[in-house]
$ cat structure-v4.cif   # mmCIF, C-alpha atoms
data_protein
#
loop_
_atom_site.label_atom_id
_atom_site.label_comp_id
_atom_site.auth_asym_id
_atom_site.auth_seq_id
_atom_site.Cartn_x
_atom_site.Cartn_y
_atom_site.Cartn_z
CA MET A 1 -11.21 -77.75 32.20
CA ILE A 2 -10.16 -74.21 31.30
CA LEU A 3 -13.83 -73.23 31.23
CA CYS A 4 -14.24 -74.71 34.71
CA LEU A 5 -11.32 -72.64 36.00
CA LEU A 6 -12.61 -69.46 34.39
CA ALA A 7 -16.10 -70.06 35.72
CA ALA A 8 -14.66 -70.84 39.13
CA GLY A 9 -13.08 -67.43 39.26
CA LEU A 10 -16.53 -65.94 38.84
CA GLN A 11 -18.49 -68.40 40.96
CA SER A 12 -16.26 -69.37 43.84
CA CYS A 13 -15.82 -68.20 47.40
CA GLY A 14 -12.03 -68.33 47.21
CA THR A 15 -9.55 -70.08 49.43
CA ASP A 16 -9.42 -70.52 53.19
CA LYS A 17 -6.99 -67.59 53.42
CA GLN A 18 -9.62 -65.40 51.78
CA LYS A 19 -12.44 -66.67 54.05
CA ASN A 20 -12.91 -64.55 57.10
CA THR A 21 -16.39 -64.50 58.61
CA ALA A 22 -20.02 -64.46 57.55
CA GLU A 23 -19.95 -60.65 57.93
CA ASN A 24 -17.12 -60.59 55.41
CA GLU A 25 -18.95 -62.85 52.92
CA ALA A 26 -16.06 -64.24 50.88
CA GLU A 27 -16.53 -63.06 47.32
CA ALA A 28 -12.92 -63.09 46.20
CA PRO A 29 -12.15 -65.21 43.15
CA ALA A 30 -10.60 -68.64 43.52
CA GLN A 31 -6.85 -68.76 43.45
CA GLU A 32 -5.47 -70.20 40.25
CA ALA A 33 -2.17 -71.09 41.87
CA GLU A 34 -0.89 -74.57 41.19
CA ALA A 35 -1.81 -76.99 43.95
CA PRO A 36 1.01 -78.90 45.62
CA LYS A 37 1.26 -82.32 44.02
CA THR A 38 0.84 -85.65 45.73
CA GLU A 39 2.25 -88.72 44.03
CA GLU A 40 -0.32 -88.58 41.21
CA GLY A 41 -2.01 -85.32 42.09
CA ILE A 42 -5.71 -84.64 42.42
CA VAL A 43 -6.45 -84.92 38.71
CA ALA A 44 -8.81 -86.86 36.47
CA GLY A 45 -7.74 -90.49 36.24
CA ALA A 46 -5.79 -90.53 39.52
CA GLN A 47 -6.80 -92.76 42.41
CA ALA A 48 -8.73 -90.72 44.98
CA PRO A 49 -6.98 -90.66 48.36
CA ASP A 50 -8.90 -92.65 50.97
CA PHE A 51 -9.71 -91.19 54.36
CA SER A 52 -11.46 -92.23 57.56
CA TYR A 53 -13.64 -89.73 59.39
CA LYS A 54 -16.68 -89.47 61.63
CA THR A 55 -19.78 -87.92 60.16
CA ILE A 56 -21.48 -85.09 62.03
CA ASN A 57 -23.79 -87.82 63.41
CA GLY A 58 -20.85 -89.83 64.79
CA LYS A 59 -20.84 -92.60 62.16
CA ASP A 60 -17.46 -93.85 60.90
CA VAL A 61 -17.01 -93.42 57.14
CA SER A 62 -14.22 -93.69 54.63
CA LEU A 63 -14.15 -93.29 50.89
CA LYS A 64 -14.25 -97.09 50.64
CA THR A 65 -17.63 -97.01 52.45
CA PHE A 66 -19.16 -95.90 49.15
CA GLU A 67 -17.30 -98.30 46.85
CA GLY A 68 -19.45 -99.28 43.88
CA LYS A 69 -21.16 -95.88 43.67
CA TYR A 70 -20.11 -92.56 42.22
CA VAL A 71 -19.08 -90.20 45.01
CA VAL A 72 -19.14 -86.43 45.07
CA LEU A 73 -16.84 -84.89 47.65
CA ASP A 74 -18.39 -81.46 48.13
CA PHE A 75 -16.02 -79.04 49.90
CA TRP A 76 -18.11 -76.16 51.18
CA GLY A 77 -19.12 -73.93 54.09
CA ILE A 78 -22.23 -72.02 55.10
CA TRP A 79 -20.10 -68.85 54.97
CA CYS A 80 -19.66 -69.38 51.19
CA LYS A 81 -22.33 -67.64 49.12
CA TRP A 82 -21.81 -69.86 46.04
CA CYS A 83 -21.85 -73.03 48.13
CA VAL A 84 -25.22 -72.07 49.59
CA LYS A 85 -26.61 -71.02 46.19
CA GLY A 86 -25.76 -74.49 44.85
CA ILE A 87 -27.70 -76.42 47.51
CA PRO A 88 -31.05 -76.58 45.65
CA GLU A 89 -29.36 -78.06 42.56
CA MET A 90 -27.36 -80.52 44.70
CA LYS A 91 -30.60 -81.65 46.39
CA LYS A 92 -32.29 -82.13 43.03
CA TYR A 93 -29.41 -84.25 41.71
CA TYR A 94 -29.09 -86.23 44.92
CA ASP A 95 -32.80 -87.07 44.85
CA GLN A 96 -32.55 -88.05 41.19
CA TYR A 97 -29.39 -90.20 41.42
CA LYS A 98 -29.04 -91.32 45.06
CA GLU A 99 -29.20 -94.99 44.06
CA LYS A 100 -26.03 -94.56 41.95
CA MET A 101 -24.27 -91.69 43.74
CA GLU A 102 -23.41 -90.52 47.23
CA ILE A 103 -22.62 -86.94 48.21
CA VAL A 104 -20.15 -86.40 51.03
CA SER A 105 -20.28 -82.74 52.00
CA ILE A 106 -17.09 -81.71 53.76
CA ASP A 107 -17.70 -78.53 55.74
CA HIS A 108 -14.77 -76.20 56.25
CA GLY A 109 -14.75 -73.45 58.82
CA ASP A 110 -18.16 -73.64 60.46
CA GLU A 111 -19.14 -74.37 64.05
CA MET A 112 -21.31 -77.43 64.74
CA ASP A 113 -24.00 -75.35 66.48
CA LYS A 114 -24.53 -73.40 63.24
CA LEU A 115 -23.93 -76.24 60.81
CA MET A 116 -26.42 -78.80 62.16
CA PRO A 117 -29.47 -76.50 62.05
CA PHE A 118 -28.47 -75.28 58.58
CA ILE A 119 -28.27 -78.85 57.23
CA GLN A 120 -31.62 -79.76 58.81
CA GLU A 121 -33.39 -76.58 57.63
CA ASN A 122 -32.16 -77.18 54.07
CA ASP A 123 -33.00 -80.92 54.01
CA MET A 124 -29.49 -81.90 52.99
CA ASN A 125 -30.07 -85.63 53.48
CA TRP A 126 -26.66 -87.00 52.56
CA THR A 127 -23.37 -87.63 54.38
CA HIS A 128 -21.74 -84.68 56.16
CA ILE A 129 -18.26 -84.34 57.63
CA MET A 130 -16.67 -81.41 59.43
CA ASN A 131 -13.11 -80.90 58.25
CA ASP A 132 -11.87 -80.06 61.72
CA ALA A 133 -8.40 -81.59 61.32
CA LYS A 134 -8.27 -82.09 65.12
CA GLY A 135 -6.46 -85.38 65.10
CA ASN A 136 -7.85 -86.09 61.62
CA THR A 137 -6.48 -85.69 58.15
CA ASP A 138 -7.12 -82.21 56.76
CA LEU A 139 -9.27 -83.20 53.80
CA CYS A 140 -8.90 -79.80 52.14
CA LYS A 141 -5.12 -80.31 52.05
CA LEU A 142 -5.41 -83.97 51.08
CA TYR A 143 -7.62 -83.03 48.10
CA GLN A 144 -5.68 -79.82 47.33
CA VAL A 145 -8.75 -77.60 47.55
CA GLN A 146 -8.05 -74.17 46.07
CA GLY A 147 -11.48 -72.55 46.39
CA PHE A 148 -15.01 -73.10 47.62
CA PRO A 149 -17.09 -74.84 46.56
CA THR A 150 -14.94 -77.61 45.15
CA LYS A 151 -16.57 -80.82 43.95
CA VAL A 152 -14.45 -83.91 43.37
CA LEU A 153 -16.32 -86.51 41.31
CA ILE A 154 -15.08 -90.05 41.93
CA ASP A 155 -16.10 -93.16 39.96
CA PRO A 156 -17.24 -96.47 41.52
CA GLN A 157 -13.66 -97.82 41.33
CA GLY A 158 -12.26 -94.88 43.32
CA LYS A 159 -10.72 -92.95 40.41
CA ILE A 160 -11.16 -89.20 40.10
CA VAL A 161 -13.41 -88.34 37.16
CA GLU A 162 -13.02 -84.57 37.44
CA VAL A 163 -12.51 -81.71 39.88
CA TYR A 164 -14.81 -78.68 39.68
CA VAL A 165 -13.99 -75.40 41.45
CA GLY A 166 -16.93 -73.05 41.80
CA GLU A 167 -20.62 -73.63 41.21
CA VAL A 168 -20.45 -74.58 37.52
CA PRO A 169 -23.03 -76.21 35.21
CA GLU A 170 -20.41 -78.59 33.79
CA PHE A 171 -20.52 -80.55 37.04
CA TYR A 172 -24.24 -81.27 36.69
CA GLN A 173 -23.88 -82.00 32.98
CA LYS A 174 -21.24 -84.61 33.81
CA LEU A 175 -23.54 -86.22 36.41
CA ASP A 176 -26.31 -86.47 33.81
CA GLU A 177 -23.87 -87.96 31.30
CA LEU A 178 -22.59 -90.61 33.72
CA LEU A 179 -25.70 -91.47 35.70
CA LYS A 180 -28.66 -91.37 33.32
#

$ encode --input "structure-v4.cif" --output "structure tokens"
Amino acid sequence: MILCLLAAGLQSCGTDKQKNTAENEAEAPAQEAEAPKTEEGIVAGAQAPDFSYKTINGKDVSLKTFEGKYVVLDFWGIWCKWCVKGIPEMKKYYDQYKEKMEIVSIDHGDEMDKLMPFIQENDMNWTHIMNDAKGNTDLCKLYQVQGFPTKVLIDPQGKIVEVYVGEVPEFYQKLDELLK
């Protein structure tokens, strides 16, 4: 876990407060401040908080929608250099393990008119949500996101396996370990 945090400092786009615009490509390191705790906290072994949202295509989804599969909650944005750099590897792993795993990419801070073409151009053929928080739960707050990208790996029973901040190889190693 310490390695993940150290790597995140080098390979993360920072927090929402550090994100400004695409012109200001967020390159600041992730904050290592302690996240506010929920009852159990967003830690390995805790039950992942459920949510209900509409996908960018208007379909209703919740975490329970994917019960029985591993789920990756991928908190990202097209403004985040490390998030974008990780897309080819995410596509490779999704193609390899899509029968056992679902990716739910949760975009933070982009406009729909920029997001949709980006997703289509990059063939990101998994579930996408915009974390707009307009009448919805703010998923970044619910999952105590401290930097981008953040990947929350959840097991088929809804328990958090691990949280990865930054684009780190340990995330992909864990997928191989669990899904091969």

$ closest_atom_pairs --input "structure-v4.cif" --of "segment 38-108 of chain A" --to "segment 161-167 of chain A" --cutoff "9 Å" --atoms "all atoms listed in the file" --output "JSON lines"
{"residue": "A:Ile42", "atom": "CA", "partner": "A:Val163", "partner_atom": "CA", "distance": 7.8}
{"residue": "A:Val43", "atom": "CA", "partner": "A:Glu162", "partner_atom": "CA", "distance": 6.7}
{"residue": "A:Ala44", "atom": "CA", "partner": "A:Val161", "partner_atom": "CA", "distance": 4.9}
{"residue": "A:Gly45", "atom": "CA", "partner": "A:Val161", "partner_atom": "CA", "distance": 6.1}
{"residue": "A:Ala46", "atom": "CA", "partner": "A:Val161", "partner_atom": "CA", "distance": 8.3}
{"residue": "A:Trp82", "atom": "CA", "partner": "A:Glu167", "partner_atom": "CA", "distance": 6.2}
{"residue": "A:Cys83", "atom": "CA", "partner": "A:Glu167", "partner_atom": "CA", "distance": 7.1}
{"residue": "A:Lys85", "atom": "CA", "partner": "A:Glu167", "partner_atom": "CA", "distance": 8.2}
{"residue": "A:Gly86", "atom": "CA", "partner": "A:Glu167", "partner_atom": "CA", "distance": 6.4}

$ residues_around --input "structure-v4.cif" --residues "Glu89 of chain A" --least-positions-apart "4" --cutoff "10 Å" --atoms "all atoms listed in the file" --output "mmCIF file with C-alpha atoms, in the frame of the given file"
data_model
loop_
_atom_site.group_PDB
_atom_site.id
_atom_site.type_symbol
_atom_site.label_atom_id
_atom_site.label_comp_id
_atom_site.auth_asym_id
_atom_site.auth_seq_id
_atom_site.Cartn_x
_atom_site.Cartn_y
_atom_site.Cartn_z
ATOM 1 C CA LYS A 85 -26.610 -71.020 46.190
ATOM 2 C CA TYR A 93 -29.410 -84.250 41.710
ATOM 3 C CA TYR A 94 -29.090 -86.230 44.920
ATOM 4 C CA ASP A 95 -32.800 -87.070 44.850
ATOM 5 C CA GLU A 167 -20.620 -73.630 41.210
ATOM 6 C CA PRO A 169 -23.030 -76.210 35.210
ATOM 7 C CA TYR A 172 -24.240 -81.270 36.690
#

$ atom_distance --input "structure-v4.cif" --atom1 "atom CA of Asp107 of chain A" --atom2 "atom CA of Ile119 of chain A"
10.7 Å

$ atom_distance --input "structure-v4.cif" --atom1 "atom CA of Gly68 of chain A" --atom2 "atom CA of Asp132 of chain A"
27.3 Å

$ residues_around --input "structure-v4.cif" --residues "Met124 of chain A" --least-positions-apart "3" --cutoff "10 Å" --atoms "only C-alpha atoms" --output "number ranges by chain"
A: 87-88, 90-91, 94, 103, 105, 118-121, 127-128

$ closest_residue --input "structure-v4.cif" --among "A:Gln47, A:Lys64, A:Asp176, A:Ile106" --to "Phe148 of chain A" --atoms "all atoms listed in the file"
A:Ile106

$ closest_residue --input "structure-v4.cif" --among "A:Leu178, A:Ile154, A:Leu73, A:Val145" --to "Tyr97 of chain A" --atoms "all atoms listed in the file"
A:Leu178

$ residues_around --input "structure-v4.cif" --residues "Val61 of chain A" --least-positions-apart "3" --cutoff "12 Å" --atoms "all atoms listed in the file" --output "ChimeraX atom specification"
/A:50-58,64-67,104,127-129

$ atom_distance --input "structure-v4.cif" --atom1 "atom CA of Pro149 of chain A" --atom2 "atom CA of Val72 of chain A"
11.9 Å

$ residues_around --input "structure-v4.cif" --residues "Ile78 of chain A" --least-positions-apart "5" --cutoff "9 Å" --atoms "all atoms listed in the file" --output "mmCIF file with C-alpha atoms, in the frame of the given file"
data_model
loop_
_atom_site.group_PDB
_atom_site.id
_atom_site.type_symbol
_atom_site.label_atom_id
_atom_site.label_comp_id
_atom_site.auth_asym_id
_atom_site.auth_seq_id
_atom_site.Cartn_x
_atom_site.Cartn_y
_atom_site.Cartn_z
ATOM 1 C CA ALA A 22 -20.020 -64.460 57.550
ATOM 2 C CA CYS A 83 -21.850 -73.030 48.130
ATOM 3 C CA VAL A 84 -25.220 -72.070 49.590
ATOM 4 C CA ASP A 107 -17.700 -78.530 55.740
ATOM 5 C CA HIS A 108 -14.770 -76.200 56.250
ATOM 6 C CA GLY A 109 -14.750 -73.450 58.820
ATOM 7 C CA ASP A 110 -18.160 -73.640 60.460
ATOM 8 C CA LYS A 114 -24.530 -73.400 63.240
ATOM 9 C CA LEU A 115 -23.930 -76.240 60.810
ATOM 10 C CA PHE A 118 -28.470 -75.280 58.580
#

$ closest_residue --input "structure-v4.cif" --among "A:Lys180, A:Thr137, A:Met101, A:Pro49" --to "Leu63 of chain A" --atoms "only C-alpha atoms"
A:Pro49

$ axis_aligned_box --input "structure-v4.cif" --around "segment 163-170 of chain A" --padding-each-side "8 Å" --output "JSON"
{"center_x": -17.8, "center_y": -77.4, "center_z": 37.8, "size_x": 26.5, "size_y": 24.7, "size_z": 24.0}
